[in-house]
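Taking it in order: structure first as structure tokens, then the write-up.
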Amino acid sequence: MVARLLLRVGPRGPAVGPRAPRRPLSAGSGPGQYLQRSIVPTMHYQDSLPRLPVPKLEDTIRRYLSAQKPLLSDEQFRKTEIFCKSFENGIGKELHAQLVAQDKQNKHTSYISDPWFDMYLTARDPIVLNFNPFVAFNPDPKSEYNDQLTRATNMTVSAIRFLKTFRAGLLEPEVFHLNPAKSDTDTFKRLIRLVPSSLSWYGAYLVNAYPLDMSQYFRLFNSTRLPRPGRDELFTDDKARHLLVLRRGHFYVFDVLDQDGNIVSASEIQAHLKYILSDNSPPPKFPLAYLPTENRDTWAELRQKLVSGGNEETLRKVDSAVFCLCLDEFPIKDLVHLSHAMLHGDGTNCWFDKSFNLIIAKDGSAAVHFEHAWGDGVAVLRFINEVFKDSTQTPAITPRSQPASTDSSAAVQKLNFKLNDALKTGISAAKEKFDATMKTLTIDNIQFQRGGKEFLKKQKLSPDAVAQLAFQMAFLRQYGQTVATYESCSTAAFKHGRTETIRPASTFTKRCSEAFVREPSKHSAGELQQMMAECSRYHGELTKAAAMGQGFDRHLFALRYLAAAKGIVLPELYLDPAYAQINHNILSTSSLASPAVNIGGFAPVVPNGFGIGYFVRDNWIGCNVSSYPSRSAREFLQCVQKALEDMFDVIEGKSIKT
């Protein structure tokens, strides 16, 4: 995302660019070129961010056993305990010492960064459904601005403004403010900018502000995941100035930045998009966009055929484009339709390998679909928030704006790919697999309207804990068991932090769920309230620990990765069926909170799982769930609804309706 010297992270690590240079503002500093002009340079805190701690081995084992307890029988648990003790006192101890030593030698990064990139880039499953999520924007509050051409123009200009603001070092640093009245002020910002970067984090910490890692941001733009045999590669070319547009399976490019780095006028961008929208060519017989939906090794082989078949330059234009704008041909009917359209579509009109695709439907419904290897939700959500705010509050054009009278036929290049028979066969096979897989995916959602964050906080209950407890109760009601559950938690408070796992299924949630689902009449409302409070307290502890890098998942993952790298026989702990079971996450959950976001979602991470995107708003709770045929998303949501109704009844002192 930025022009800079690319640093290597470890021997096989991806190139990362941790600093956005403050560029001179002479080039393109006119009106409308920037989103904001931060007093504090964008990357001011990056050098002084604290390092992600490697947890103590005994803490990791204790946390691991606590998470295993609700999932195992007493006999299974005893076996797992033996494996853990043996690991903690034997090979685990050695691996941990090596990991700590390695971490000390790599102070520029985190112990999880390399293994995590590797995990994503060596995965051979198709990235569609298995990895890529979507996040949908709310509509523009001014309804006439939701016209497809108007919104596409405004969002494109806002996205390029974001790019320019970041690259100029003028984007506000990403900071989590615990006391914004003190830290989110011009006075504090003017002071902190004078503190050297090597110390700036400490200055923020003193006023209860926590700067977040921004090392992933440069991958937002001009970036693509390239398929390679065995391990993919992240590619960035920040010299490229063109936008990639997909419509009806056709590829178009045109410059959105001029030679001086200024944003091309909004009326020209509008004219070029209007020109693309008026192209009546029928969809291609062999849509190239199916190829990135393939198994990664298959796609790598087919890409090599594309390159050797004379398409190298054309592919380079796709890979290096600032981002990919997808203009869909249909209006959105409802949230289920929106989720399917933005998560996978029909496979012809999205370049799934791009760091992100901005998808805009005929009625102006918009979403970001992103590739996950390069980064996590923090960078993407910041981008979404800024683009929504800028495109709705200071839009580049109005619905009455006239496109520039420019020769779009000369400025817009339609890309043509030379396809031989092997490539045509490859595209047809990819389409067949894609269509068959998408038919198996169900998505459904609910909105629980009785209350949300405000009501729950008044009851001194964690809103997130209540949502997670509802999922535990729902699965118990539907399938009669407690299963491995994954909740993503960002560790961006640390240098090159990625994510840690919160394990919401606990002995507390199991006891509480069984009381609510199996024997509600045996407990008074007061007893059930007490159980909910215990779940909330414990979930709060887990969340805080995970955010501070004190989970167990990433540590155990890094030790396993190190053992494999050193050629050490896999320790017994990892061969224990309980280890495989806790990592087979039947309930995979992720939450989003933003005024810019309508809904988000992703597919299940295992064939017999649920993919649960959820949102605890001020006065309601939303839940967007995906499943494959072995599970029923609709039924699960009915059970979630029932769980929430029961909990709200109990909070109000009522008895549970059977």
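In the structure tokens, chains take the letters A, B, ... in the order shown, each chain's residues start at 1, and ligands count up from 1 in the order shown.
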All residues 9 Å or closer to region 588-605 of chain A, only C-alpha atoms, same chain fewer than 2 positions away omitted, as a PyMOL selection string: chain A and resi 128-139+335+338-339+342-343+367+377+381+384-389+441+443+464+468+484-489+584-586+607-617+622-628
Polymer residues at most 10 Å from Pro520 (chain A), only C-alpha atoms, same-chain spacing of 5 or more positions, as a count of residues only: 11
Residue contacts of Arg190 (chain A) (10 Å, only C-alpha atoms) excluding same-chain residues fewer than 5 positions away, as number ranges by chain: A: 39-40, 185, 195
For N, CA and C atoms, I'd like the residues from the last selection saved as a tab-separated table (two decimals), in the first residue's frame.
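Final output, saved to result26.tsv:
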chain	number	residue	atom	x	y	z
A	39	ILE	N	-2.70	15.44	12.62
A	39	ILE	CA	-1.61	16.17	13.28
A	39	ILE	C	-0.47	15.19	13.57
A	40	VAL	N	-0.87	13.96	13.97
A	40	VAL	CA	0.12	12.93	14.30
A	40	VAL	C	0.35	12.08	13.05
A	185	THR	N	-7.75	14.31	21.63
A	185	THR	CA	-7.89	15.77	21.58
A	185	THR	C	-6.73	16.38	20.81
A	195	VAL	N	6.94	13.79	20.54
A	195	VAL	CA	7.65	12.68	21.20
A	195	VAL	C	8.23	11.77	20.11
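The spacing separating CA of Phe370 (chain A) from CA of Lys431 (chain A) amounts to 20.5 Å.
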Among listed residues A:Ala240, A:Leu559, A:Leu306, A:Leu178, nearest Leu423 (chain A) (using only C-alpha atoms): A:Leu306
Counting only C-alpha atoms, the option among A:Leu65, A:Leu199, A:Leu358, A:Ala97 closest to Asp553 (chain A): A:Leu65
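Closest approach to Ala379 (chain A) from the set A:Thr501, A:Asn106, A:Gln216, A:Thr314 is made by A:Gln216, with distances taken over only C-alpha atoms.
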Contacts of region 241-258 of chain A within 8 Å, only C-alpha atoms, excl. fewer than 2 positions in-chain, as a PyMOL selection string: chain A and resi 160+238-239+260-264+269+272+276-277+282-284+287-289+317-318+321-329+348-350+411-416
Atom pair CA of Pro399 (chain A) / CA of Gln33 (chain A): separation (Å): 20.7 Å
Closest of A:Gly452, A:Pro126, A:Gly426, A:Gly375 to Asp297 (chain A) - atom-to-atom distances counting only C-alpha atoms: A:Pro126
Fewer than 4 positions away in the same chain doesn't count, so skip those; otherwise give me all residues within 12 Å of Leu206 (chain A), counting only C-alpha atoms, as a PDB file with N, CA, C and O atoms, in the first residue's frame.
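Generated file (part.pdb):
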ATOM      1  N   HIS A 177      -9.001   4.281  22.261  1.00  0.00           N
ATOM      2  CA  HIS A 177      -9.038   5.269  23.339  1.00  0.00           C
ATOM      3  C   HIS A 177      -9.922   4.782  24.486  1.00  0.00           C
ATOM      4  O   HIS A 177     -11.123   4.621  24.301  1.00  0.00           O
ATOM      5  N   LEU A 178      -9.333   4.573  25.651  1.00  0.00           N
ATOM      6  CA  LEU A 178     -10.152   4.209  26.823  1.00  0.00           C
ATOM      7  C   LEU A 178     -10.710   5.463  27.492  1.00  0.00           C
ATOM      8  O   LEU A 178     -11.727   5.420  28.155  1.00  0.00           O
ATOM      9  N   ASN A 179     -10.006   6.595  27.283  1.00  0.00           N
ATOM     10  CA  ASN A 179     -10.476   7.860  27.843  1.00  0.00           C
ATOM     11  C   ASN A 179     -10.339   8.957  26.777  1.00  0.00           C
ATOM     12  O   ASN A 179      -9.441   9.802  26.836  1.00  0.00           O
ATOM     13  N   LYS A 182      -9.438  12.659  27.142  1.00  0.00           N
ATOM     14  CA  LYS A 182      -8.047  13.043  27.420  1.00  0.00           C
ATOM     15  C   LYS A 182      -7.148  12.847  26.199  1.00  0.00           C
ATOM     16  O   LYS A 182      -6.308  13.687  25.882  1.00  0.00           O
ATOM     17  N   SER A 183      -7.325  11.694  25.522  1.00  0.00           N
ATOM     18  CA  SER A 183      -6.347  11.305  24.495  1.00  0.00           C
ATOM     19  C   SER A 183      -6.759  11.647  23.067  1.00  0.00           C
ATOM     20  O   SER A 183      -5.910  11.819  22.203  1.00  0.00           O
ATOM     21  N   PHE A 188      -3.575  16.891  23.037  1.00  0.00           N
ATOM     22  CA  PHE A 188      -2.737  15.708  23.232  1.00  0.00           C
ATOM     23  C   PHE A 188      -1.970  15.379  21.942  1.00  0.00           C
ATOM     24  O   PHE A 188      -0.778  15.056  21.977  1.00  0.00           O
ATOM     25  N   ILE A 192       1.966  14.776  21.535  1.00  0.00           N
ATOM     26  CA  ILE A 192       2.514  13.443  21.254  1.00  0.00           C
ATOM     27  C   ILE A 192       3.315  13.421  19.953  1.00  0.00           C
ATOM     28  O   ILE A 192       4.258  12.655  19.812  1.00  0.00           O
ATOM     29  N   LEU A 199       9.443   6.333  21.384  1.00  0.00           N
ATOM     30  CA  LEU A 199       8.869   6.463  22.730  1.00  0.00           C
ATOM     31  C   LEU A 199       7.370   6.797  22.722  1.00  0.00           C
ATOM     32  O   LEU A 199       6.719   6.793  23.769  1.00  0.00           O
ATOM     33  N   SER A 200       6.830   7.098  21.533  1.00  0.00           N
ATOM     34  CA  SER A 200       5.475   7.660  21.449  1.00  0.00           C
ATOM     35  C   SER A 200       4.393   6.769  22.062  1.00  0.00           C
ATOM     36  O   SER A 200       3.436   7.262  22.658  1.00  0.00           O
ATOM     37  N   TRP A 201       4.542   5.437  21.941  1.00  0.00           N
ATOM     38  CA  TRP A 201       3.528   4.533  22.494  1.00  0.00           C
ATOM     39  C   TRP A 201       3.351   4.768  23.998  1.00  0.00           C
ATOM     40  O   TRP A 201       2.237   4.765  24.511  1.00  0.00           O
ATOM     41  N   TYR A 202       4.487   4.980  24.685  1.00  0.00           N
ATOM     42  CA  TYR A 202       4.443   5.155  26.140  1.00  0.00           C
ATOM     43  C   TYR A 202       3.671   6.425  26.513  1.00  0.00           C
ATOM     44  O   TYR A 202       2.939   6.459  27.495  1.00  0.00           O
ATOM     45  N   TYR A 210      -4.382   3.258  23.456  1.00  0.00           N
ATOM     46  CA  TYR A 210      -3.589   2.121  22.985  1.00  0.00           C
ATOM     47  C   TYR A 210      -3.481   2.148  21.455  1.00  0.00           C
ATOM     48  O   TYR A 210      -4.411   1.751  20.760  1.00  0.00           O
ATOM     49  N   PRO A 211      -2.346   2.618  20.935  1.00  0.00           N
ATOM     50  CA  PRO A 211      -2.146   2.598  19.482  1.00  0.00           C
ATOM     51  C   PRO A 211      -2.118   1.152  18.973  1.00  0.00           C
ATOM     52  O   PRO A 211      -1.662   0.253  19.686  1.00  0.00           O
TER      53      PRO A 211
END
